[in-house]
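Below is one structure, written out as structure tokens; comments come after it.
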Amino acid sequence: MLTLILIFGICFALVYGYFWNRSKYFERRGIPGPKPESIWTGSLKTLQLNRTPINKRILEWEKIYGKTFGYFEGGQKVIASSDLSIIRDVFINKFENFHGRKPIHPFPFNPDTDERANVFTGRGLRWKRFRTLTAPCFGQSKLRNMQMTMLDTTRRVMDNLEERVDKELNISEVFLESSTDVIERIAFGKEKSSIGEQNPIMSIIRAFFDPAPFYDHPLLRFYTSLHEFQDYTFYLHKFLINMLGSPLFVLAKILIDVIAKRRHDHEERKNAAVLQIDQMNNNNDDCNSNSAKSNYEDFVDLFLNSEASDEDMKMIKASQSSFGNINRIKIEKKLTDQEIISMCSVMMLAGVDTTATTMTVTAYCLAANPDKQEKLVSEINAYIHSEEDINMDTVSQIDYLDWCIKEALRVIPIAAPANSRMCMNTCTVGDSQFLFEKDVSFVSNVWSIHHDKSIWGEDASVYTPERWDPIEERLPDEPLAYQPFGLGPRSCIGLKFAMLEMKLMFCHLLKRFRIEATENTKCDIYGIILTAPRVIDVKLTRREVNAQ
Ligand code: HEM
């Protein structure tokens with residue numbers, strides 16, 4: 001019995017000693033930061049208490065500990081900084097040492113070995129391959145095709161809004177419905193628009209981006225404290241996901257059916273094409289050989305057909321040496337079904353809430369600044385006479401529209417927590433030669449940089465779209481001063497897609513309606529994944545006919 005107690009005591013002391021020692025990581029290295037409130041979960045409680053937006057806590061800590069500081073998010077060691085010389089090295093100059101991304105969810109999986117990796121979570125060669133295969137989805141000609149779907153959804157949203165004129169509404173729901181419909185149709189090839197219907201996908205997306213604080217759940221709390229042991233806690237991970245459910249599982253289920261159906265369609269089309277060629281040979285007819293092909297490809301089609309060319313493979317393999325020892329993974333030319341599921345899910349997740357929330361904060365800024373809204377409407381009217389004129393070419397000419405959206409994302413950089421990396425090889429960064437060790441994560445303190453008066457001037461916190469006018473010469477020379485879509489080789493792949501969708505939406509919306517603030521209009525930011533408002537109450541009033 002005594003032996004048993006002794007063994008237990010020694011084991012406990014060893015485990016406790018390990019976690020105690022881990023919690024002293026920053027202190028030992030002289031890196032300032034909040035004292036971990038627990039040796040197991042670090043500062044997770046302070047970070048997530050009362051659903052505090054993560055940016056708020058980081059700003060508070062910056063005031064106390066300076067530009068660069070360290071903290072524990074569960075078992076994750078994180079360094080946050082607004083020092084641009086450090087950010088430049090992490091995101092751009094020393095990318096080969098920072099090609100991983102800090103996990104944002106309570107259930108990170110091993111991005112090198114897990115089948116569910118995708119372009120957002122992958123790293124090293126695996127990420128390079130995903131990125132290479134995804135890039136063609138966002139080419140100019142693809143966007144030109146996609147604008148038809150975006151326009152169709154937007155028109156349906158407008159027609160729906162007609163019934164809601166002069167009544168207060170939460171505009172964030174309107175934009176979420178719209179951007180979900182766009183991605184469902186463009187990424188998943190959904191044939192029918194769901195505007196005006198209950199769409200279950202919307203709640204899946206919100207559940208993903210607005211989870212309950214992990215700290216509140218004892219098992220999740222325990223799991224996040226085991227961060228560095230994820231390879232050994234795989235079964236616990238599986239058990240927790242099964243028990244708590246995951247929005248990703250629900251999306252995956254939908255996608256399995258979509259992919260199976262699409263493979264079947266591809267087979268049928270191939271057979272039809274063979275038949276047609278046979279007929280052409282037999283009849284010597286002047287057939288249009290394209291008629292058996294689909295006119296439009298959604299992301300599922302693109303991923304099913306995508307195959308890295310020999311050139312791509314050479315390029316991917318050439319980058320091998322820069323990714324240290326992450327070379328164990330066999331790089332296939334084609335994506336597996338599981339990878340396609342994961343890629344489509346990430347497009348859904350990365351592309352819907354971000355775009356909807358950006359439209360929401362832009363609408364808020366315009367409602368709170370009616371003079372800017374009226375200026376924007378007259379700029380839109382100068383280029384667009386009727387709703388039929390709204391398209392990719394016309395909206396891209398309206399500079400003031402571009403500035404209004406950019407400025408909203410400067411004042412409220414909703415996706416800032418995604419501007420993160422994971423150190424893959426120990427190295428020094430920044431002017432101060434800060435020693436960054438392997439497996440420590442990095443987050444850019446985007447809110448601080450976007451509101452820094454020494455960069456943006458005394459009115460840094462004021463919504464001023466005019467600052468983007470090159471004639472005013474007010475923009476900082478520093479390219480890293482603005483980072484709503486991230487920085488470097490891993491910056492947002494959907495930027496052009498999102499900007500197009502948002503511009504089409506605001507042209508339609510503002511030609512028909514005025515966005516008016518009410519006594520309930522306020523912008524309360526919260527969230528531990530996206531930092532954004534979830535409710536923006538406004539009233540839409542109809543504009544005079546000559547504005548249309
Ligand atoms: C206004 C809307 C959007 C905002 C503000 C936004 C913001 C961001 C940010 C901050 C990152 C991290 C960048 C970094 O780590 O340097 C990111 C990455 C990413 N975004 Fe977006 N995003 C938006 C729309 C979209 C859309 C529409 C899609 C796709 C349909 C998309 C797909 C992605 C993907 C796949 C990544 C990961 C890229 C990689 O790791 O290589 N995003 N986004």
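The chains in the structure tokens are called A, B, ... from first to last as shown; in each chain the residues are counted from 1, and the ligands are counted from 1 in the order shown.
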
Compute the set of protein, DNA and RNA residues whose minimum atom distance to ligand 1 is at most 6 Å, using only C-alpha atoms and all ligand atoms, and state it as an mmCIF file with N, CA and C atoms, in the first residue's frame.
data_model
loop_
_atom_site.group_PDB
_atom_site.id
_atom_site.type_symbol
_atom_site.label_atom_id
_atom_site.label_comp_id
_atom_site.auth_asym_id
_atom_site.auth_seq_id
_atom_site.Cartn_x
_atom_site.Cartn_y
_atom_site.Cartn_z
ATOM 1 N N VAL A 119 -6.118 24.271 -46.140
ATOM 2 C CA VAL A 119 -5.236 25.405 -46.434
ATOM 3 C C VAL A 119 -5.103 26.350 -45.230
ATOM 4 N N PHE A 120 -6.101 26.389 -44.350
ATOM 5 C CA PHE A 120 -6.024 27.286 -43.187
ATOM 6 C C PHE A 120 -5.167 26.686 -42.077
ATOM 7 N N ARG A 131 -2.497 25.458 -50.916
ATOM 8 C CA ARG A 131 -2.580 26.850 -51.385
ATOM 9 C C ARG A 131 -2.471 26.875 -52.916
ATOM 10 N N MET A 347 -13.548 26.808 -46.622
ATOM 11 C CA MET A 347 -14.005 27.933 -47.452
ATOM 12 C C MET A 347 -15.312 28.483 -46.882
ATOM 13 N N ALA A 350 -14.250 30.100 -43.445
ATOM 14 C CA ALA A 350 -13.414 31.312 -43.550
ATOM 15 C C ALA A 350 -14.110 32.396 -44.359
ATOM 16 N N GLY A 351 -15.021 31.968 -45.250
ATOM 17 C CA GLY A 351 -15.578 32.945 -46.186
ATOM 18 C C GLY A 351 -16.917 33.531 -45.802
ATOM 19 N N THR A 354 -16.772 35.965 -41.867
ATOM 20 C CA THR A 354 -15.869 37.112 -42.043
ATOM 21 C C THR A 354 -16.517 38.166 -42.947
ATOM 22 N N THR A 355 -17.053 37.697 -44.083
ATOM 23 C CA THR A 355 -17.636 38.637 -45.047
ATOM 24 C C THR A 355 -18.898 39.271 -44.459
ATOM 25 N N THR A 358 -17.922 41.783 -41.821
ATOM 26 C CA THR A 358 -17.345 43.011 -42.385
ATOM 27 C C THR A 358 -18.456 43.897 -42.946
ATOM 28 N N ALA A 415 -11.209 40.089 -38.075
ATOM 29 C CA ALA A 415 -10.561 38.765 -38.117
ATOM 30 C C ALA A 415 -9.150 38.795 -37.532
ATOM 31 N N ALA A 416 -8.861 39.844 -36.742
ATOM 32 C CA ALA A 416 -7.498 40.007 -36.226
ATOM 33 C C ALA A 416 -6.917 38.752 -35.557
ATOM 34 N N ALA A 418 -6.970 35.864 -36.374
ATOM 35 C CA ALA A 418 -6.414 34.902 -37.344
ATOM 36 C C ALA A 418 -4.995 35.285 -37.767
ATOM 37 N N ASN A 419 -4.571 36.509 -37.453
ATOM 38 C CA ASN A 419 -3.209 36.933 -37.830
ATOM 39 C C ASN A 419 -2.214 36.323 -36.854
ATOM 40 N N SER A 420 -2.011 35.039 -37.027
ATOM 41 C CA SER A 420 -1.176 34.334 -36.062
ATOM 42 C C SER A 420 -0.248 33.369 -36.786
ATOM 43 N N PRO A 484 -5.963 43.761 -42.051
ATOM 44 C CA PRO A 484 -7.234 43.064 -41.781
ATOM 45 C C PRO A 484 -7.320 41.715 -42.477
ATOM 46 N N PHE A 485 -6.509 41.536 -43.546
ATOM 47 C CA PHE A 485 -6.531 40.255 -44.264
ATOM 48 C C PHE A 485 -5.229 39.484 -44.039
ATOM 49 N N GLY A 486 -4.499 39.851 -43.003
ATOM 50 C CA GLY A 486 -3.256 39.157 -42.712
ATOM 51 C C GLY A 486 -2.099 39.703 -43.519
ATOM 52 N N LEU A 487 -0.979 38.965 -43.468
ATOM 53 C CA LEU A 487 0.244 39.443 -44.109
ATOM 54 C C LEU A 487 1.026 38.276 -44.693
ATOM 55 N N ARG A 490 0.779 33.741 -46.376
ATOM 56 C CA ARG A 490 -0.450 33.089 -45.880
ATOM 57 C C ARG A 490 -1.577 34.092 -45.686
ATOM 58 N N SER A 491 -1.487 35.248 -46.334
ATOM 59 C CA SER A 491 -2.577 36.215 -46.147
ATOM 60 C C SER A 491 -3.843 35.659 -46.800
ATOM 61 N N CYS A 492 -4.976 36.315 -46.526
ATOM 62 C CA CYS A 492 -6.276 35.780 -46.939
ATOM 63 C C CYS A 492 -6.349 35.522 -48.444
ATOM 64 N N ILE A 493 -6.751 34.315 -48.790
ATOM 65 C CA ILE A 493 -6.837 33.940 -50.205
ATOM 66 C C ILE A 493 -8.151 34.449 -50.813
ATOM 67 N N GLY A 494 -9.133 34.777 -49.936
ATOM 68 C CA GLY A 494 -10.453 35.163 -50.436
ATOM 69 C C GLY A 494 -10.688 36.670 -50.482
ATOM 70 N N LEU A 495 -9.610 37.453 -50.359
ATOM 71 C CA LEU A 495 -9.757 38.920 -50.285
ATOM 72 C C LEU A 495 -10.573 39.489 -51.457
ATOM 73 N N PHE A 497 -12.505 37.983 -53.587
ATOM 74 C CA PHE A 497 -13.842 37.401 -53.578
ATOM 75 C C PHE A 497 -14.731 38.194 -52.610
ATOM 76 N N ALA A 498 -14.200 38.402 -51.385
ATOM 77 C CA ALA A 498 -14.982 39.099 -50.356
ATOM 78 C C ALA A 498 -15.258 40.539 -50.773
#

Closest atom pairs, stretch 27-93 of chain A residues within 12 Å of stretch 461-478 of chain A, only C-alpha atoms, as CSV:
residue,atom,partner,partner_atom,distance
A:Leu84,CA,A:Glu478,CA,9.0
A:Ser85,CA,A:Glu478,CA,10.8
A:Arg88,CA,A:Glu478,CA,10.7

Take the selection from the previous step and output its residues with C-alpha atoms, as a CSV table (one decimal), in the first residue's frame.
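part_1.csv written:
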chain,number,residue,atom,x,y,z
A,84,LEU,CA,6.4,46.0,-36.6
A,85,SER,CA,10.0,44.8,-36.9
A,88,ARG,CA,7.7,41.8,-40.5

Could you pull out the helix (DSSP H, G or I) residues of stretch 190-239 of chain A from DSSP and send them as JSON, numbers by chain? {"A": [200, 201, 202, 203, 204, 205, 206, 207, 208, 209, 214, 215, 216, 218, 219, 220, 221, 222, 223, 224, 225, 227, 228, 229, 234, 235, 236, 237, 238, 239]}

Selected residues written out with C-alpha atoms, as a CSV table (one decimal), in the first residue's frame:
chain,number,residue,atom,x,y,z
A,200,PRO,CA,-29.5,25.5,-40.8
A,201,ILE,CA,-26.0,26.2,-42.2
A,202,MET,CA,-26.2,29.7,-40.7
A,203,SER,CA,-26.4,28.3,-37.2
A,204,ILE,CA,-23.5,25.9,-37.8
A,205,ILE,CA,-21.3,28.8,-38.9
A,206,ARG,CA,-22.3,30.9,-35.9
A,207,ALA,CA,-21.7,28.0,-33.6
A,208,PHE,CA,-18.2,27.6,-35.0
A,209,PHE,CA,-17.2,31.3,-34.7
A,214,PHE,CA,-13.6,26.8,-23.5
A,215,TYR,CA,-12.8,27.7,-20.0
A,216,ASP,CA,-16.5,27.1,-18.9
A,218,PRO,CA,-14.2,21.3,-17.3
A,219,LEU,CA,-13.3,18.7,-20.0
A,220,LEU,CA,-12.4,21.3,-22.6
A,221,ARG,CA,-10.4,23.2,-20.0
A,222,PHE,CA,-8.5,20.0,-19.2
A,223,TYR,CA,-8.0,19.3,-22.9
A,224,THR,CA,-6.6,22.8,-23.7
A,225,SER,CA,-4.1,22.4,-20.9
A,227,HIS,CA,-1.8,21.3,-25.7
A,228,GLU,CA,1.7,19.8,-26.4
A,229,PHE,CA,0.4,16.3,-26.0
A,234,PHE,CA,-6.1,11.7,-30.0
A,235,TYR,CA,-8.7,9.4,-28.5
A,236,LEU,CA,-9.7,12.0,-25.9
A,237,HIS,CA,-10.0,14.4,-28.7
A,238,LYS,CA,-12.3,12.0,-30.6
A,239,PHE,CA,-14.4,11.3,-27.5

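Using only C-alpha atoms for every distance, the candidate list A:Ala363, A:Val429, A:Ala517, A:Ile340 yields A:Ile340 as the residue closest to A:Ala117.
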
Of the candidates A:Asp83, A:Glu168, A:Asp301, A:Glu407, which one gets nearest to A:Ala187 if we count only C-alpha atoms?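 The closest residue to A:Ala187 is A:Asp301.
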
Would you pick out the contacts of A:Pro36 at 8 Å or less, using only C-alpha atoms, so that residues sharing its chain but fewer than 3 positions from it are not included, and give the list as a list in words? Ser23, Ile39, Thr41, Gly42, Ser43, Tyr71 and Phe72 of chain A

Write out the residues from the selection above, keeping C-alpha atoms, as a CSV table (one decimal), in the first residue's frame.
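Just written: selection_8.csv:
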chain,number,residue,atom,x,y,z
A,23,SER,CA,4.0,27.9,-16.4
A,39,ILE,CA,-0.3,26.1,-14.0
A,41,THR,CA,-4.6,26.6,-18.1
A,42,GLY,CA,-2.5,29.7,-17.9
A,43,SER,CA,-4.5,32.9,-18.5
A,71,TYR,CA,0.9,34.6,-22.0
A,72,PHE,CA,-0.5,31.1,-21.8

Surrounding residues of A:Gly100 excluding itself and chain neighbours under 3 positions, 7 Å, only C-alpha atoms, as a ChimeraX atom specification: /A:123,421-424

Using only C-alpha atoms, the shortest atom-to-atom distance to A:Phe109 among A:Met148, A:Ser396, A:Tyr232, A:Gly430 belongs to A:Tyr232

What gap, in Å, lies between atom CA of A:Val174 and atom CA of A:Leu161?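 Value for the atom CA of A:Val174-atom CA of A:Leu161 distance: 8.6 Å.
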
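With distances taken over only C-alpha atoms, A:Phe434 is the one residue among A:Phe95, A:Phe434, A:Trp127, A:Phe138 lying closest to A:Thr68.
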
If you measure from atom CA of A:Phe188 to atom CA of A:Leu151, what distance in Å do you get, rounded to one decimal?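 Atom CA of A:Phe188 sits 17.1 Å away from atom CA of A:Leu151.
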
Would you pick out the contacts of A:Asp152 at 9 Å or less, using only C-alpha atoms, so that residues sharing its chain but fewer than 4 positions from it are not included, and give the list as a PyMOL selection string? chain A and resi 147-148+156-157+182+193

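Taking atom CA of A:Gly75 as the reference point, atom CA of A:Val440 is found at 10.4 Å.
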
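All residues of stretch 356-448 of chain A that DSSP, run on the backbone, classes as strand (DSSP E or B) are Ser420, Arg421, Met422, Cys427, Thr428, Val429, Phe434, Leu435, Phe436, Ser441, Phe442, Val443 and Ser444 of chain A.
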
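Minimum atom-to-atom distances from A:Lys334, A:Lys102, A:Arg534, A:Lys45 to A:Thr134 were compared using only C-alpha atoms, and the lowest value belongs to A:Lys334.
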
Give me, as a short mmCIF file (atom, residue, chain, number, x, y, z; two decimals) with C-alpha atoms, in the first residue's frame, all polymer residues having an atom no more than 12 Å from A:Asn391, counting only C-alpha atoms and skipping those fewer than 6 positions away in the same chain.
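See part.cif below for the written result:
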data_model
loop_
_atom_site.label_atom_id
_atom_site.label_comp_id
_atom_site.auth_asym_id
_atom_site.auth_seq_id
_atom_site.Cartn_x
_atom_site.Cartn_y
_atom_site.Cartn_z
CA LEU A 143 -14.67 35.74 -60.07
CA ARG A 144 -16.33 37.00 -63.23
CA ASN A 145 -18.40 33.80 -63.34
CA MET A 146 -19.14 33.93 -59.64
CA GLN A 147 -20.49 37.48 -59.75
CA MET A 148 -23.68 36.14 -61.41
CA THR A 149 -24.48 34.07 -58.33
CA MET A 150 -23.51 36.91 -56.01
CA LEU A 151 -25.77 39.30 -57.92
CA ASP A 152 -28.67 36.87 -57.92
CA THR A 154 -28.10 40.09 -53.54
CA TYR A 383 -21.14 55.33 -61.84
CA ILE A 384 -24.32 53.33 -61.54
CA HIS A 385 -27.58 54.68 -62.94
CA GLN A 397 -14.45 51.91 -60.28
CA ILE A 398 -16.01 53.44 -57.16
CA LEU A 500 -16.45 41.87 -54.81
CA GLU A 501 -19.32 40.34 -52.85
CA MET A 502 -19.40 43.27 -50.41
CA LYS A 503 -19.26 45.93 -53.12
CA LEU A 504 -22.11 44.35 -55.06
CA MET A 505 -24.13 44.22 -51.85
CA PHE A 506 -23.55 47.86 -50.82
CA CYS A 507 -24.33 49.19 -54.30
CA HIS A 508 -27.66 47.38 -54.28
#

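Counting only C-alpha atoms and comparing A:Asp393, A:Glu162, A:Asp89, A:Glu27, the residue that lies closest to A:Ser444 is A:Asp89.
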